[in-house]
Amino acid sequence: MDWGQEQAAPREYVSGPAKIRIVENGPARVAVEVARETAGSKFVQTISLAAGDAGKHIEFANVIDWNTKESNLKATFPLTASNEMATYNWTLARSSGPVRSQRSSRCRRTSGSI
C-alpha cells in the first residue's frame, strides 16, 4: 500500500449484519464474539474481560479471512485514549510509546492491489 492509498477515503466499511454470541461466561472471564461478512471476507472479533486485576484492560482478538480482491484492509478501532502512554502487542514483540493522536478509526477497504 502506498501513501496515496493509505490516505484515500474508504471504499467500504465492514458493515454486514453482526452475529453475536457469548463464548465465555465464567467467574474468571467473559467473552463475546462478533462475526460479520463484507464483500466476500469474514471478520470475527472476540472481546474479553477478565475478573480481578486482569480485568483492568479489555482484550480484542481478531481473525480475518480476507477474500476481497483488489483491495487493502486497514483495521483500526475508534477510541479516545486518556493515557499518555500505550502498549502495542505485535506478533513477535511488544512496544510502548506515547499516544500521538486521537483518530476515529474503523475497518475499511481501500482501492489497490495486494
# chains A, B, ... in the order shown; residues from 1 in each chain; ligands from 1

$ residues_around --residues "Phe60 (chain A)" --least-positions-apart "3" --cutoff "10 Å" --atoms "only C-alpha atoms" --output "ChimeraX atom specification"
/A:31-33,45-49,57

$ write_last_selection --atoms "C-alpha atoms" --output "mmCIF file, in the first residue's frame"
data_model
loop_
_atom_site.group_PDB
_atom_site.id
_atom_site.type_symbol
_atom_site.label_atom_id
_atom_site.label_comp_id
_atom_site.auth_asym_id
_atom_site.auth_seq_id
_atom_site.Cartn_x
_atom_site.Cartn_y
_atom_site.Cartn_z
ATOM 1 C CA ALA A 31 -16.058 -13.054 26.220
ATOM 2 C CA VAL A 32 -18.319 -12.076 23.340
ATOM 3 C CA GLU A 33 -17.734 -12.992 19.696
ATOM 4 C CA GLN A 45 -13.688 -10.335 16.761
ATOM 5 C CA THR A 46 -13.611 -11.748 20.285
ATOM 6 C CA ILE A 47 -13.864 -9.202 23.095
ATOM 7 C CA SER A 48 -12.798 -10.479 26.535
ATOM 8 C CA LEU A 49 -12.788 -9.096 30.065
ATOM 9 C CA HIS A 57 -7.979 -3.995 30.373
#

$ closest_residue --among "A:Ala86, A:Ala28, A:Val23, A:Ala18" --to "Ala54 (chain A)" --atoms "only C-alpha atoms"
A:Ala28

$ atom_distance --atom1 "CA of Arg21 (chain A)" --atom2 "CA of Gly40 (chain A)"
21.4 Å

$ atom_distance --atom1 "CA of Ala8 (chain A)" --atom2 "CA of Asn62 (chain A)"
23.7 Å
